[in-house]
Amino acid sequence: MTAFILRRLLWLPVLLFFISLITFALGVYGPGDPLQVLLGLRANPETIERLRREYGFDQPFHIQYLNYVTNALQGNFGYSLVKYRDQPVGALIAQALPVTIQLNLVAIFLGLGIGVPLGLIAGLKRDSWIDLLIRGIVIAGISLPIIFLNPVLTFLFSRRHDLVFAAANLKFSIGPILPMVQGYWDGIFSAKVILPAFIESLGIIAVMTRQMRAGMIEVLSEDYIRTARAKGLRERTVILRHAMRNALIPIATILGLMMGGLVAGSFLVENWFGVPGVGQLAFDALFARDYYITMALVLLIAVAYVFSNLVVDITYGLLDPRIRKA
Amino acid sequence: MSNSENTGGNRWLIGIIVILLVALCGAVCVGGGVLYFLMQPGSSPLAQPAPGFGATPPAPGKQPTARAPVAPSRNILRLPGGTDPRTLDPAQVNDTNAGEYVAEIFSGLVMLDQNLKVVPDIAEKWDVSEDRKTYTFYLRKEVKFHDGRPVTAQDFKYSIERVANPATLSPTAENYLGDIIGVREKLSRKAAEVSGVQVVDDYTVKITIDAPKSYFLAKLTFPTAYIVDKNNVERGGRTWTDKPNGTGPFKLKEYVRAQRIILAKNENYYGESKPKLDEVQFILSGGSAMTMYENGDLESVYVTISDIERVSDPNSPLNKQLFIGPSLSTGFIVFNTRKPPFDDPKVRQAFALAIDRQKVIDVVYRKMPLVASTILPPGMPGYAEPANKLTYDPAKAKQLLAESKYAGKLPDITWTTIGAGGSAAQNVQVMAGMLKDNLGARVSIQQTDDASFFNTIDDPTKNPYQMFDVGWAADYVDPQNFLDILFRSTSTQNWASYGNPEVDKLLDQAALEKDSTTRFKLYQQAEQLILTDAPVIPFSHSREYWLTKPYVKGMIYPPIIIPRLKYVSIER
Amino acid sequence: MAQSDLFATRRQSAQAYILRRILTNPPAALGAIVIGLMFVTALFAPFIAPYAYDQQNLDQIEKPPSAAHWFGTDALGRDMFSRIVWGARSAVFVILMVTLVNLALGIPLGALAGYLEGWADTIIMRVADILFAFPGLLFVFFVASTIKPGVMHWARSSGLSELANTGYLDYAVVILALGVIGWAGLARLIRAQVLTIKQREFVLGARAIGVPTSRIIARHILPNAVTPIIVAMSMGLGDIALSEGYLSFLGIGLQPPAPSWGNIIAENAGRYWRQFPQMIWLVFIPGLVLAAIVFAFNFFGDGLNEALNPEISD
C-alpha cells in the first residue's frame with residue numbers, strides 16, 4: 001500500500017511537468033498575445049517590441065519555460081500581464097481561491113442536505129410514484145442549461161411578483177429579494193451566495209440522490225438486513241441503524257472525489273453572479289491571454305485533482321486488490 | 001459495486017477516514033472564511049441576516065457598515081464600477097475604465113475641462129517657443145501630494161523618467177510621451193535621463209519635443225504624464241498603487257477587488273473647483289446596475305440597450321433623469337483593400353450603398369447611436385457635415401457592382417467580428433442579410449475574441465481578414481487622431497491597407513500647418529478623398545446615455561478621460 | 001461482479017428484453033420519444049421549418065407567438081420556430097460526431113490500457129489524468145479557442161476558403177474540442193471493465209490457446225464491456241448537447257446566423273431576461289427546448305441502465 005501511494009505521489013511532478021509544459025506552450029504559441037490585448041487597437045509596433053524584450057518574450061521557448069519554472073519553484077508565479085496589471089499571480093489566486101472554496105462548500109452542503117434525503121426516500125419507495133417524481137426532479141435539475149438558469153433565477157428574485165387568487169380575493173406580493181442578486185460578493189454569510197451555490201449544487205444533488213438510492217436498494221437486499229427484519233426489529237431501526245449507515249459509505253467516497261473539485265469554479269455561474277472566484281479569474285485570464293494566471297490555476301487544479309484522486313484510488317485499492325497494481 | 005462481505009470492516013474504516021478528511025477540509029475552509037470576514041473592516045458576520053430564502057434585505061441606513069451600500073446620509077455618491085480597473089498606476093493606464101479612477105486620484109501639468117479644452121492644472125501657465133518645439137511650464141506653488149508633501153518640478157521629471165524607464169513596462173510611453181526628446185532613447189536603454197525634460201527651478205520645467213506638434217499639449221492631459229510620488233512608488237514596490245499618494249481631487253480610501261472602490265475628498269486640493277462630495281463609492285460587479293439605480297442604491301447609471309426603450313418613453317418617470325452626451329468615436333466597417341473583391345473600389349462603394357445603416361441602428365441598436373456619414377465624429381474640431389451624405393441606394397449599388405471587375409463572379413466573403421455570444425454579431429447578421437438581398441453577396445460571419453482579433457489586424461500587410469468592423473474613440477481632441485492614424489498609408493492602424501498619395505500629402509501639410517482653420521480645411525479635404533475611395537464605411541457615432549437622480553448636480557460622462565467628479569454635488 | 005453473469009445468461013433475448021424494459025418504463029419511453037422527435041426534426045428540418053433560419057424581416061421584430069410564427073420572432077424578425085428546428089440539426093450532428101470521436105479514441109485506448117497493463121497502461125492513463133486534471137468546460141473552451149484560428153488560417157491558406165466560409169469548420173472545431181477531451185472518461189471505464197473481464201475463465205482460456213490479443217479484445221472482451229459503455233454514452237449525450245450550447249454561447253461554436261440552441265439562448269435569453277414578461281417566449285422556448293433534450297437523454301440513459309442492470313440501478 002505504501003509503495004502504491006509513493007508511486008502515485010512520484011507521478012505528481014511528472015504530471016505537473018507535462019501539464020505546465022502544455023499550458024505554457026499554449027500560452028506562448030497559442031493565438032493572440034497578452035501584450036496585444038493590453039495595447040488593444042493602439043498597439044504601437046515599437047511599444048510591442050519593447051515590452052516583448054523587457055518581459056523576455058523574445059527569448060527561445062525553453063529559456064522562457066525554464067525561467068518560469070525556476071521562479072515558480074521559488075514561489076513566484078509571475079505577475080498579471082493584462083487583467084490586473086502588475087499584481088502578483090499568487091496574491092490574485094489567494095484572493096479568488098477562498099471565494100470558490102466557500103461557494104463550492106455551500107454547494108456541497110446543499111447537495112448533501114437535499115440529495116441524501118431524496119435518495120433515501122427514493123430508495124425506500126423504489127418504483128413508486130414518489131421515486132419517479134424524485135428522479136424526475138433531480139434529472140430536470142441537471143438538464144437545465146446554466147446559461148438559461150442564470151437569467152431566469154436572477155429575474156425571479158430581482159422583481160416583485162404578484163400572486164392574485166381571485167376566488168379568495170387574496171393578493172400576495174413576493175420579492176424583490178435583492179440581496180440575493182444585487183451587490184458584490186460578500187462571502188458565505190451573505191444572501192448573494194444562495195443562487196450560485198444552488199445552481200452549482202444541482203449536479204451534486206443528482207449524484208447524491210442517485211448514489212443514495214442505489215446504495216439503499218443494494219443494502220436493503222443484503223442478508224443482514226433480512227436477518228435484522230426477521231429478528232423483528234422495528235423498520236425504522238433497521239433503516240436508520242443498519243441500512244442507511246452502509247448506504248452512506250459510497251457517499252463518503254464521492255465526497256472525497258469532490259475535494260479536488262473544490263478549487264475549480266464554474267465560470268458560467270461565477271461570471272453571471274459576479275463571484276470573484278477561480279472560475280472567473282480563469283475565464284478572464286484566458287480571454288486576456290494573461291497566461292501566467294492561467295498557468296498557476298491549471299497547476300493548482302491539477303494538484304488538487306491528483307490528491308483527491310489519490311484518496312479515491314487508495315480507497316479503491318483497499319477495496320479491490322486487482323486495481324492496486326495499476 | 002463490489003458486494004463481497006469480507007471487506008466490510010475496511011469499508012467502514014475508509015468511510016470514516018474520508019468523512020474526517022472532508023470534515024477537516026471543510027472546517028479549515030469555513031474557519032478561514034470566518035476569519036477572512038472578521039478581518040474585513042467594519043464587518044461582522046453576525047450583523048448580517050443568516051443566508052436563507054427568506055433573508056430580508058438589510059434596511060438601508062440602519063446598518064452603516066461599509067459592506068452594504070449605504071444611503072447617502074452624507075455627501076456620498078454611489079456609482080456602478082463595472083469590472084475591476086486593470087491598474088491604478090498612471091504609467092500603465094491605457095483604457096477609460098482605469099483612467100476614470102486614475103484621473104481622480106492623480107493629476108498632471110495640464111488637463112481637459114468639461115468642454116474638452118486644454119486648461120492649466122498643476123502648471124498655472126506655460127510659454128511655447130517660436131519654433132513650437134519647447135514648452136516652458138510654470139508650476140503652482142501650493143500643490144501638495146495627499147500626504148502633504150509639496151509638488152516640485154523634480155517630481156514631474158521623476159514621473160516622466162519613470163514612464164520612460166523600460167523596467168516600468170508602460171504600455172503608453174511611446175504613444176503619449178514619444179514626442180519628448182530623449183524618451184525613446186531611455187526606453188531603449190540608450191540614455192539614463194530624458195534630455196527633453198529640464199528642471200529650470202523648483203517650479204519651472206522645460207519640455208523639448210522633436211517637431212512642432214499641435215496636439216502635444218492634448219497628449220500631456222493623458223494619465224501617462226501625471227505626477228507620481230517617488231517615495232510612494234519606490235517604497236510600495238510593484239503594488240504601490242494599493243496605497244497611491246497622488247495630487248488629484250480625490251484620494252483612494254479603500255479598494256477591495258471585485259467589491260468596491262471608495263474615493264474620499266482631498267481636503268487640500270489646489271484646483272479652482274474643489275471637490276464637493278465627501279466620498280464616491282464605486283460598486284464593482286454588483287449585478288444589474290439598472291436595478292440598483294431604480295432601488296435607490298446608486299445615484300447614477302449608464303443606460304444599456306435593454307432599458308433604452310423604457311427609459312426613452314416620455315411617460316416614464318425615468319425619462320426626466322435621462323441625459324445624452326456625445327462620445328468622440330466612430331464605428332467603421334473596414335474592407336481589406338488587399339483582398340479580393342475589395343481591391344476594386346467599385347465593390348467597396350457598392351457595399352457601402354447596399355447597407356441601410358439607419359435601419360440597422362434602429363433595429364439592432366434601438367436608435368442609440370447616430371448614423372455616421374463622416375470619419376470624424378461630431379464634436380471633434382474640423383468636423384463638418386458632408387455635402388453629399390452616403391445614403392442607402394440598392395439600385396445604384398447593383399449598378400456599381402455590375403461595373404466592377406467582379407461583376408457576376410463575386411467571391412464568398414467572410415466578415416470577422418469581435419464577439420462572444422450570439423447577440424454580439426446581430427448588427428453583422430443584419431448587414432450580411434442586406435448584402436445578400438441587395439447584391440447577392442454571400443457573406444458569412446466569423447466571431448473571434450479580441451486577443452486574436454487585435455493580433456491579426458495589427459499588421460495590415462499580413463491581415464487575412466476580408467472585411468471586419470472596428471470602432472475608434474478619440475485619444476485626444478484633434479482630427480489627426482482619426483485621419484492621420486487610421487488612413488496614412490504607412491500607419492500601423494491603417495486597417496484597410498489604404499494608400500492614396502494625395503491623402504498622405506494633405507495629411508503632411510495639415511500636420512505642419514499653424515493656422516487651425518486652414519489645418520481643419522486640409523483634414524476635411526483628406527476626409528472627402530477617403531470617403532470617395534471607401535476603404536471603410538463610417539457606420540455610427542455612439543452616444544452616452546445615463547440616468548442621474550435629480551438631487552445630483554453636475555454629473556457628466558465625458559467622451560475622454562477627464563477628472564469629472566469634482567464638479568458633482570449632492571443637493572437636497 | 002454478479003450482474004455481468006446475469007447479463008451473459010440473458011443475451012439470447014437481450015434486445016427484446018431491453019426494449020420491453022424501456023417501453024414499460026414511462027420516463028425512459030418519454031425520453032426515447034423526445035430523442036426520436038429530435039432526430040426526425042433534424043433529418044427533415046428543411047421540410048418542417050416554415051421559413052429559412054436566416055430570413056430576416058426587420059419590420060416584424062420581437063413579435064409574440066402567432067399562427068404565422070409559432071414561437072414568435074426574434075430581434076431581427078426571424079422565425080424562432082424555424083431557427084429552433086434547424087438548431088436540432090446542429091445539435092444532432094454535433095452529438096453524433098462527438099460520440100463517434102469519443103468512441104473511436106476511448107474504446108481502443110481504454111481496452112489497450114486494460115489489457116496490456118504495464119507501460120502502455122501507464123502512458124494512456126496518465127494522459128487521461130492530464131486531461132482530467134484540466135478544468136472541464138474551461139479546457140474545452142481553451143482548446144476550441146486555441147485551435148480555431150489555426151484551423152481557419154490553415155483552411156484559408158490551403159485553398160479551402162470555401163470550406164472555411166461554409167461553417168463546417170465551426171462544427172469541426174467544436175467536435176474536435178469535445179471529442180479530444182471526452183475520451184478520457186470512456187477509456188477509464190473500459191479499462192476498468194477489461195481489467196475485470198480478462199480475469200474470467202473464457203478469456204484466460206483463449207489466451208492459453210494463443211488467440212491474438214487484438215482478437216481477444218475485439219471478440220471476447222469488448223462485447224462483455226458493452227453494457228456500461230452504452231449507459232455511460234447515453235448519459236453523456238446530454239452533456240455533449242449542453243457543452244455545445246455553452247461553446248456557442250461563448251461565441252466559439254457555430255457562427256450566426258447558423259442556429260444552434262446555444263447561440264439562440266445567448267442571443268435571446270441573455271438579452272431579454274430583463275424584459276419579462278413581454279419577451280418571455282424568446283427566453284423560455286430555446287432554454288426549455290435544450291433542457292428537454294438533455295432531460296430526455298438523461299431519462300433514457302437511466303431507463304437503459306435499469307433495463308441492462310435490473311438488479312442494481314446505479
# chains A, B, ... in the order shown; residues from 1 in each chain; ligands from 1

$ select_by_dssp --residues "segment 100-171 of chain B" --states "strand (DSSP E)" --output "JSON, numbers by chain"
{"B": [110, 111, 112, 118, 119, 120, 123, 124, 125, 126, 127, 128, 134, 135, 136, 137, 138, 139]}

$ closest_atom_pairs --of "chain A" --to "chain B" --cutoff "6 Å" --atoms "only C-alpha atoms" --output "tab-separated table"
residue	atom	partner	partner_atom	distance
A:Pro31	CA	B:Ser452	CA	5.8
A:Gly32	CA	B:Ser452	CA	4.3
A:Gln36	CA	B:Asn455	CA	6.0
A:Val37	CA	B:Ala451	CA	5.2
A:Lys83	CA	B:Arg86	CA	5.3
A:Tyr84	CA	B:Arg86	CA	4.7
A:Arg85	CA	B:Arg86	CA	5.6
A:Pro179	CA	B:Pro57	CA	5.6
A:Gln182	CA	B:Gly287	CA	4.9
A:Gly183	CA	B:Gly286	CA	4.0
A:Tyr184	CA	B:Gly286	CA	4.5
A:Ser190	CA	B:Pro51	CA	5.9
A:Ala191	CA	B:Pro51	CA	4.9
A:Ile249	CA	B:Gly15	CA	5.4
A:Ala252	CA	B:Gly15	CA	5.7
A:Gly274	CA	B:Ser285	CA	5.3

$ residues_around --residues "segment 156-161 of chain B" --least-positions-apart "3" --cutoff "8 Å" --atoms "only C-alpha atoms" --output "VMD selection string"
chain B and resid 152 to 153 164 to 165 183 193 to 194 197 to 199 225 to 230

$ write_last_selection --atoms "all heavy atoms" --output "short mmCIF file (atom, residue, chain, number, x, y, z; two decimals), in the first residue's frame"
data_model
loop_
_atom_site.label_atom_id
_atom_site.label_comp_id
_atom_site.auth_asym_id
_atom_site.auth_seq_id
_atom_site.Cartn_x
_atom_site.Cartn_y
_atom_site.Cartn_z
N THR B 152 7.06 69.57 -6.77
CA THR B 152 8.01 70.45 -7.44
C THR B 152 8.29 69.91 -8.85
O THR B 152 7.82 68.83 -9.22
CB THR B 152 9.35 70.51 -6.69
OG1 THR B 152 9.92 69.20 -6.68
CG2 THR B 152 9.17 71.01 -5.27
N ALA B 153 9.07 70.69 -9.59
CA ALA B 153 9.41 70.30 -10.96
C ALA B 153 10.16 68.97 -10.98
O ALA B 153 10.05 68.21 -11.94
CB ALA B 153 10.25 71.39 -11.61
N ALA B 164 9.49 56.46 -18.79
CA ALA B 164 10.47 56.16 -19.83
C ALA B 164 11.46 55.09 -19.41
O ALA B 164 12.26 54.63 -20.22
CB ALA B 164 11.22 57.44 -20.21
N ASN B 165 11.39 54.68 -18.15
CA ASN B 165 12.26 53.60 -17.69
C ASN B 165 11.71 52.28 -18.20
O ASN B 165 10.57 51.94 -17.93
CB ASN B 165 12.26 53.61 -16.15
CG ASN B 165 13.16 52.53 -15.58
OD1 ASN B 165 13.64 51.67 -16.31
ND2 ASN B 165 13.37 52.58 -14.28
N VAL B 183 12.93 60.48 -24.64
CA VAL B 183 12.11 59.41 -24.07
C VAL B 183 12.40 58.08 -24.76
O VAL B 183 12.62 57.05 -24.11
CB VAL B 183 10.62 59.78 -24.16
CG1 VAL B 183 9.75 58.55 -23.95
CG2 VAL B 183 10.27 60.85 -23.14
N GLU B 193 18.82 59.41 -18.82
CA GLU B 193 17.95 60.52 -18.48
C GLU B 193 17.10 60.87 -19.69
O GLU B 193 17.46 60.54 -20.82
CB GLU B 193 18.79 61.76 -18.17
CG GLU B 193 19.09 62.00 -16.72
CD GLU B 193 19.63 63.40 -16.54
OE1 GLU B 193 20.83 63.61 -16.78
OE2 GLU B 193 18.82 64.27 -16.18
N VAL B 194 16.02 61.61 -19.43
CA VAL B 194 15.24 62.15 -20.54
C VAL B 194 15.73 63.58 -20.75
O VAL B 194 15.44 64.47 -19.96
CB VAL B 194 13.73 62.11 -20.24
CG1 VAL B 194 12.96 62.80 -21.34
CG2 VAL B 194 13.26 60.67 -20.09
N VAL B 197 13.37 66.87 -20.89
CA VAL B 197 12.70 67.44 -19.72
C VAL B 197 13.77 68.05 -18.83
O VAL B 197 14.64 67.35 -18.30
CB VAL B 197 11.91 66.37 -18.92
CG1 VAL B 197 11.24 67.00 -17.70
CG2 VAL B 197 10.87 65.72 -19.81
N GLN B 198 13.73 69.39 -18.70
CA GLN B 198 14.75 70.06 -17.91
C GLN B 198 14.10 70.83 -16.77
O GLN B 198 13.14 71.58 -16.97
CB GLN B 198 15.52 71.04 -18.78
CG GLN B 198 16.50 70.33 -19.70
CD GLN B 198 17.03 71.28 -20.74
OE1 GLN B 198 16.28 71.96 -21.42
NE2 GLN B 198 18.35 71.34 -20.83
N VAL B 199 14.64 70.61 -15.57
CA VAL B 199 14.15 71.34 -14.41
C VAL B 199 14.90 72.66 -14.35
O VAL B 199 16.12 72.69 -14.19
CB VAL B 199 14.38 70.53 -13.13
CG1 VAL B 199 13.96 71.34 -11.91
CG2 VAL B 199 13.64 69.22 -13.20
N ALA B 225 1.28 61.16 -18.36
CA ALA B 225 2.11 62.29 -17.96
C ALA B 225 1.74 62.81 -16.57
O ALA B 225 2.19 63.88 -16.18
CB ALA B 225 1.97 63.41 -18.99
N TYR B 226 0.94 62.06 -15.83
CA TYR B 226 0.57 62.50 -14.48
C TYR B 226 1.77 62.43 -13.54
O TYR B 226 2.72 61.68 -13.77
CB TYR B 226 -0.56 61.64 -13.92
CG TYR B 226 -1.93 61.97 -14.46
CD1 TYR B 226 -2.11 62.96 -15.42
CD2 TYR B 226 -3.05 61.28 -14.02
CE1 TYR B 226 -3.37 63.24 -15.91
CE2 TYR B 226 -4.31 61.56 -14.51
CZ TYR B 226 -4.46 62.53 -15.46
OH TYR B 226 -5.71 62.80 -15.96
N ILE B 227 1.67 63.19 -12.44
CA ILE B 227 2.78 63.24 -11.49
C ILE B 227 2.55 62.21 -10.39
O ILE B 227 1.46 62.13 -9.81
CB ILE B 227 2.90 64.66 -10.90
CG1 ILE B 227 3.35 65.61 -12.01
CG2 ILE B 227 3.88 64.67 -9.74
CD1 ILE B 227 3.51 67.03 -11.56
N VAL B 228 3.58 61.41 -10.13
CA VAL B 228 3.51 60.44 -9.04
C VAL B 228 4.58 60.77 -8.01
O VAL B 228 5.54 61.50 -8.29
CB VAL B 228 3.70 58.99 -9.54
CG1 VAL B 228 2.59 58.62 -10.49
CG2 VAL B 228 5.04 58.82 -10.22
N ASP B 229 4.41 60.22 -6.82
CA ASP B 229 5.32 60.50 -5.71
C ASP B 229 6.42 59.44 -5.67
O ASP B 229 6.14 58.25 -5.54
CB ASP B 229 4.52 60.50 -4.41
CG ASP B 229 5.40 60.66 -3.18
OD1 ASP B 229 6.55 61.12 -3.35
OD2 ASP B 229 4.94 60.32 -2.09
N LYS B 230 7.65 59.90 -5.78
CA LYS B 230 8.79 58.99 -5.83
C LYS B 230 8.84 58.06 -4.60
O LYS B 230 9.04 56.85 -4.74
CB LYS B 230 10.08 59.83 -5.89
CG LYS B 230 11.32 59.01 -6.06
CD LYS B 230 12.53 59.92 -6.22
CE LYS B 230 13.78 59.08 -6.37
NZ LYS B 230 14.98 59.89 -6.47
#

$ closest_atom_pairs --of "chain C" --to "chain B" --cutoff "7 Å" --atoms "only C-alpha atoms" --output "Markdown table"
| residue | atom | partner | partner_atom | distance |
| --- | --- | --- | --- | --- |
| C:Met1 | CA | B:Ser2 | CA | 6.6 |
| C:Leu58 | CA | B:Val363 | CA | 6.9 |
| C:Asn165 | CA | B:Ser444 | CA | 6.0 |
| C:Ser248 | CA | B:Gly421 | CA | 6.7 |
| C:Phe249 | CA | B:Gly421 | CA | 4.7 |
| C:Leu250 | CA | B:Gly421 | CA | 4.7 |
| C:Gly251 | CA | B:Ala420 | CA | 4.1 |
| C:Gln255 | CA | B:Gln446 | CA | 6.1 |
| C:Pro256 | CA | B:Gly422 | CA | 6.5 |
| C:Pro257 | CA | B:Gln429 | CA | 6.4 |
| C:Asn263 | CA | B:Gly422 | CA | 4.9 |
| C:Ile264 | CA | B:Gly422 | CA | 6.8 |
| C:Ala266 | CA | B:Gly422 | CA | 5.3 |
| C:Glu267 | CA | B:Ser423 | CA | 4.3 |
| C:Arg271 | CA | B:Ser306 | CA | 6.9 |

$ residues_around --residues "segment 172-187 of chain C" --least-positions-apart "2" --cutoff "7 Å" --atoms "only C-alpha atoms" --output "list in words"
Val94, Met97, Val98, Val101, Asn102, Leu103, Leu105, Gly106, Ile107, Leu109, Gly110, Ala128, Leu131, Val140, Val143, Ala144, Lys148, Tyr168, Leu169, Asp170, Leu189, Ile190, Arg191 and Gly253 of chain C

$ closest_residue --among "A:Tyr65, A:Tyr305, A:Phe24, A:Phe57" --to "chain C" --atoms "only C-alpha atoms"
A:Tyr305

$ interface_residues --of "chain C" --to "chain A" --cutoff "9 Å" --atoms "only C-alpha atoms" --output "ChimeraX atom specification"
/C:27,117-118,121-122,126-127,129-135,137-138,142-143,145-150,192,195-196,238-239,242,245-246,249,262,265-266,269-270,273-274,276,283-284,286-288,290-296,298-299,311-314

$ closest_residue --among "A:Ile239, A:Val278, A:Ala206, A:Ile48" --to "Thr100 of chain A" --atoms "only C-alpha atoms"
A:Val278

$ select_by_dssp --residues "segment 173-340 of chain B" --states "alpha helix (DSSP H)" --output "JSON, numbers by chain"
{"B": [173, 174, 175, 176, 177, 183, 184, 185, 186, 187, 216, 217, 218, 219, 220, 230, 231, 232, 233, 234, 235, 236, 289, 290, 291, 292, 293, 294, 308, 309, 310, 311, 312]}

$ closest_residue --among "C:Ala232, C:Ala75, C:Ala42, C:Val92" --to "Met279 of chain C" --atoms "only C-alpha atoms"
C:Ala75

$ atom_distance --atom1 "atom CA of Ile121 of chain A" --atom2 "atom CA of Ala28 of chain C"
20.7 Å

$ atom_distance --atom1 "atom CA of Ala407 of chain B" --atom2 "atom CA of Ala258 of chain C"
27.4 Å

$ residues_around --residues "Glu299 of chain B" --least-positions-apart "6" --cutoff "7 Å" --atoms "only C-alpha atoms" --output "PyMOL selection string"
chain B and resi 77-79+293+548-549

$ atom_distance --atom1 "atom CA of Gly114 of chain C" --atom2 "atom CA of Thr253 of chain A"
23.1 Å

$ residues_around --residues "Leu9 of chain A" --least-positions-apart "3" --cutoff "9 Å" --atoms "only C-alpha atoms" --output "ChimeraX atom specification"
/A:4-6,12-13,306-307,310
